[in-house]
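Take a look at the structure below.
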Amino acid sequence: IDSEITGPVSIGSRVTIENCKIGPFTSLGSGSKLSNIKIENSILMRNVYLHDVPHSLSDCLIGNGVEVTDKNGREHSSLFVGDDSVLYL
């Protein structure tokens, strides 16, 4: 919904995308939810919840079941986050 996707991008099943800019060179794992983010050159595994990050993310590897959101408004560029984590930036 209300998003821009620039290929190549791989999107798994049951992925929800709202108000995002995705790609290029990005893979979104099944069951993931993305809202209000910009991401490129990244891999998101299954069931990732990425929301409300005002700055672009690039070159990320985000594990299964991870939630990432921004609480402080600081700029971040790349993330490497393991499975089942919650990260408040």
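As shown in the structure tokens, the chain order sets the letters A, B, ...; within each chain, residues go from 1, and ligands are also counted from 1 in the order they appear.
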For Ile62 in chain A, please output as a VMD selection string all residues within 12 Å (counting only C-alpha atoms; exclusion window: fewer than 2 positions along the same chain). chain A and resid 26 to 29 32 39 41 to 50 57 to 60 64 to 68 78 to 87
Would you write out those residues with C-alpha atoms, as a PDB file, in the first residue's frame?
ATOM      1  CA  THR A  26      16.492  -6.532  -1.461  1.00  0.00           C
ATOM      2  CA  SER A  27      14.951  -9.802  -0.275  1.00  0.00           C
ATOM      3  CA  LEU A  28      11.971  -9.901   2.096  1.00  0.00           C
ATOM      4  CA  GLY A  29      11.267 -13.164   3.923  1.00  0.00           C
ATOM      5  CA  SER A  32       7.420  -9.975   7.257  1.00  0.00           C
ATOM      6  CA  ILE A  39      15.618  -0.109   2.643  1.00  0.00           C
ATOM      7  CA  ASN A  41      20.683  -3.871  -0.734  1.00  0.00           C
ATOM      8  CA  SER A  42      19.419  -5.935   2.193  1.00  0.00           C
ATOM      9  CA  ILE A  43      18.190  -9.360   3.269  1.00  0.00           C
ATOM     10  CA  LEU A  44      15.338  -9.757   5.739  1.00  0.00           C
ATOM     11  CA  MET A  45      14.658 -13.297   6.895  1.00  0.00           C
ATOM     12  CA  ARG A  46      11.186 -14.617   7.910  1.00  0.00           C
ATOM     13  CA  ASN A  47       8.734 -12.768  10.179  1.00  0.00           C
ATOM     14  CA  VAL A  48      10.671  -9.504  10.416  1.00  0.00           C
ATOM     15  CA  TYR A  49       8.765  -6.436  11.667  1.00  0.00           C
ATOM     16  CA  LEU A  50      10.520  -3.279  10.481  1.00  0.00           C
ATOM     17  CA  LEU A  57      18.766   1.479   5.707  1.00  0.00           C
ATOM     18  CA  SER A  58      21.243  -0.208   3.385  1.00  0.00           C
ATOM     19  CA  ASP A  59      23.378  -3.347   3.404  1.00  0.00           C
ATOM     20  CA  CYS A  60      21.402  -4.990   6.233  1.00  0.00           C
ATOM     21  CA  ASN A  64      14.192 -14.416  11.722  1.00  0.00           C
ATOM     22  CA  GLY A  65      11.568 -12.919  14.043  1.00  0.00           C
ATOM     23  CA  VAL A  66      13.334  -9.569  14.530  1.00  0.00           C
ATOM     24  CA  GLU A  67      11.589  -6.268  15.265  1.00  0.00           C
ATOM     25  CA  VAL A  68      13.372  -3.006  14.421  1.00  0.00           C
ATOM     26  CA  SER A  78      23.308  -0.700   8.103  1.00  0.00           C
ATOM     27  CA  LEU A  79      22.294  -3.385  10.588  1.00  0.00           C
ATOM     28  CA  PHE A  80      23.286  -6.977  11.291  1.00  0.00           C
ATOM     29  CA  VAL A  81      20.750  -8.433  13.736  1.00  0.00           C
ATOM     30  CA  GLY A  82      20.386 -12.070  14.874  1.00  0.00           C
ATOM     31  CA  ASP A  83      17.206 -14.144  15.214  1.00  0.00           C
ATOM     32  CA  ASP A  84      14.402 -13.287  17.654  1.00  0.00           C
ATOM     33  CA  SER A  85      15.742  -9.858  18.621  1.00  0.00           C
ATOM     34  CA  VAL A  86      13.986  -6.562  19.329  1.00  0.00           C
ATOM     35  CA  LEU A  87      16.003  -3.480  18.446  1.00  0.00           C
TER      36      LEU A  87
END
List every residue of chain A that DSSP, applied to the backbone, labels as strand (DSSP E or B), and write the result as a ChimeraX atom specification. /A:4-5,9-11,16-18,21-22,26-28,33-35,38-40,43-44,49-51,57-58,61-62,67-69,80-81,86-88
With N, CA, C and O atoms retained, could you export that selection as a short mmCIF file (atom, residue, chain, number, x, y, z; two decimals), in the first residue's frame?
data_model
loop_
_atom_site.label_atom_id
_atom_site.label_comp_id
_atom_site.auth_asym_id
_atom_site.auth_seq_id
_atom_site.Cartn_x
_atom_site.Cartn_y
_atom_site.Cartn_z
N GLU A 4 6.85 2.20 -2.97
CA GLU A 4 7.62 2.14 -4.21
C GLU A 4 8.59 0.96 -4.11
O GLU A 4 9.36 0.87 -3.14
N ILE A 5 8.55 0.07 -5.10
CA ILE A 5 9.44 -1.09 -5.12
C ILE A 5 10.26 -1.04 -6.40
O ILE A 5 9.71 -0.99 -7.49
N VAL A 9 13.93 -7.27 -6.60
CA VAL A 9 13.47 -7.49 -5.23
C VAL A 9 12.78 -8.84 -5.17
O VAL A 9 12.02 -9.19 -6.07
N SER A 10 13.04 -9.59 -4.11
CA SER A 10 12.36 -10.86 -3.87
C SER A 10 11.45 -10.68 -2.66
O SER A 10 11.91 -10.24 -1.60
N ILE A 11 10.16 -11.02 -2.84
CA ILE A 11 9.19 -10.85 -1.76
C ILE A 11 8.54 -12.18 -1.47
O ILE A 11 7.90 -12.77 -2.35
N THR A 16 3.62 -7.90 4.23
CA THR A 16 2.83 -6.67 4.23
C THR A 16 3.79 -5.49 4.09
O THR A 16 4.74 -5.37 4.86
N ILE A 17 3.50 -4.62 3.12
CA ILE A 17 4.34 -3.44 2.88
C ILE A 17 3.43 -2.22 2.85
O ILE A 17 2.48 -2.17 2.07
N GLU A 18 3.71 -1.23 3.70
CA GLU A 18 2.89 -0.02 3.75
C GLU A 18 3.77 1.21 3.89
O GLU A 18 4.61 1.30 4.80
N LYS A 21 9.74 2.43 0.78
CA LYS A 21 10.54 2.45 -0.44
C LYS A 21 11.49 1.26 -0.32
O LYS A 21 12.36 1.24 0.56
N ILE A 22 11.32 0.26 -1.19
CA ILE A 22 12.05 -1.01 -1.11
C ILE A 22 12.91 -1.19 -2.35
O ILE A 22 12.42 -1.03 -3.48
N THR A 26 17.01 -6.27 -2.80
CA THR A 26 16.49 -6.53 -1.46
C THR A 26 15.64 -7.79 -1.47
O THR A 26 14.90 -8.03 -2.42
N SER A 27 15.73 -8.58 -0.42
CA SER A 27 14.95 -9.80 -0.28
C SER A 27 14.18 -9.73 1.03
O SER A 27 14.75 -9.48 2.09
N LEU A 28 12.85 -9.96 0.94
CA LEU A 28 11.97 -9.90 2.10
C LEU A 28 11.42 -11.29 2.38
O LEU A 28 10.73 -11.87 1.55
N LYS A 33 6.58 -7.81 7.96
CA LYS A 33 5.74 -6.61 7.91
C LYS A 33 6.66 -5.40 7.91
O LYS A 33 7.51 -5.25 8.79
N LEU A 34 6.48 -4.55 6.90
CA LEU A 34 7.29 -3.34 6.78
C LEU A 34 6.37 -2.14 6.70
O LEU A 34 5.41 -2.15 5.92
N SER A 35 6.67 -1.11 7.47
CA SER A 35 5.84 0.07 7.51
C SER A 35 6.70 1.31 7.75
O SER A 35 7.50 1.34 8.70
N LYS A 38 12.62 2.89 4.49
CA LYS A 38 13.33 2.88 3.21
C LYS A 38 14.48 1.90 3.39
O LYS A 38 15.28 2.04 4.32
N ILE A 39 14.56 0.90 2.51
CA ILE A 39 15.62 -0.11 2.64
C ILE A 39 16.07 -0.58 1.28
O ILE A 39 15.26 -0.70 0.34
N GLU A 40 17.37 -0.81 1.13
CA GLU A 40 17.94 -1.30 -0.12
C GLU A 40 19.12 -2.21 0.17
O GLU A 40 19.67 -2.19 1.28
N ILE A 43 18.88 -8.09 3.14
CA ILE A 43 18.19 -9.36 3.27
C ILE A 43 17.47 -9.38 4.60
O ILE A 43 18.08 -9.19 5.66
N LEU A 44 16.16 -9.58 4.55
CA LEU A 44 15.34 -9.76 5.74
C LEU A 44 14.84 -11.19 5.73
O LEU A 44 14.25 -11.64 4.76
N TYR A 49 9.65 -7.58 11.54
CA TYR A 49 8.76 -6.44 11.67
C TYR A 49 9.65 -5.20 11.72
O TYR A 49 10.34 -4.95 12.71
N LEU A 50 9.67 -4.46 10.63
CA LEU A 50 10.52 -3.28 10.48
C LEU A 50 9.61 -2.08 10.28
O LEU A 50 8.85 -2.03 9.31
N HIS A 51 9.64 -1.12 11.23
CA HIS A 51 8.68 -0.03 11.13
C HIS A 51 9.21 1.28 11.71
O HIS A 51 10.05 1.30 12.61
N LEU A 57 17.93 2.59 5.28
CA LEU A 57 18.77 1.48 5.71
C LEU A 57 19.33 0.81 4.47
O LEU A 57 18.63 0.64 3.46
N SER A 58 20.59 0.42 4.52
CA SER A 58 21.24 -0.21 3.38
C SER A 58 22.22 -1.27 3.89
O SER A 58 22.78 -1.13 4.99
N LEU A 61 21.47 -7.22 7.12
CA LEU A 61 21.12 -8.63 7.23
C LEU A 61 20.36 -8.77 8.55
O LEU A 61 20.93 -8.57 9.63
N ILE A 62 19.05 -9.07 8.46
CA ILE A 62 18.20 -9.09 9.63
C ILE A 62 17.60 -10.48 9.77
O ILE A 62 16.95 -10.99 8.86
N GLU A 67 12.31 -7.53 15.37
CA GLU A 67 11.59 -6.27 15.27
C GLU A 67 12.59 -5.13 15.35
O GLU A 67 13.43 -5.11 16.25
N VAL A 68 12.50 -4.18 14.42
CA VAL A 68 13.37 -3.01 14.42
C VAL A 68 12.50 -1.76 14.27
O VAL A 68 11.67 -1.69 13.38
N THR A 69 12.70 -0.80 15.17
CA THR A 69 12.02 0.48 15.08
C THR A 69 12.94 1.57 15.61
O THR A 69 13.92 1.28 16.29
N PHE A 80 23.13 -5.54 11.30
CA PHE A 80 23.29 -6.98 11.29
C PHE A 80 22.69 -7.46 12.60
O PHE A 80 23.27 -7.26 13.66
N VAL A 81 21.49 -8.08 12.54
CA VAL A 81 20.75 -8.43 13.74
C VAL A 81 20.39 -9.91 13.70
O VAL A 81 19.85 -10.40 12.71
N VAL A 86 14.75 -7.80 19.43
CA VAL A 86 13.99 -6.56 19.33
C VAL A 86 14.99 -5.43 19.46
O VAL A 86 15.75 -5.38 20.43
N LEU A 87 15.02 -4.55 18.48
CA LEU A 87 16.00 -3.48 18.45
C LEU A 87 15.29 -2.14 18.35
O LEU A 87 14.57 -1.88 17.40
N TYR A 88 15.47 -1.29 19.38
CA TYR A 88 14.94 0.05 19.40
C TYR A 88 16.10 0.99 19.14
O TYR A 88 16.97 1.13 20.00
#
So the first atom is CA of Cys20 in chain A and the second is CA of Asp2 in chain A; what is the distance between them in Å, to one decimal place?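 Calculated distance between CA of Cys20 in chain A and CA of Asp2 in chain A is 7.3 Å.
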Could you tell me which of A:Lys71, A:Ser77, A:Ile37, A:Val15 comes closest to Ser3 in chain A if we count only C-alpha atoms?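 Of A:Lys71, A:Ser77, A:Ile37, A:Val15, the one nearest Ser3 in chain A is A:Ile37, counting only C-alpha atoms.
Ranking A:Phe25, A:Val53, A:Asn19, A:Asn72 by their shortest atom-to-atom distance to Thr6 in chain A, with only C-alpha atoms included, puts A:Phe25 first.
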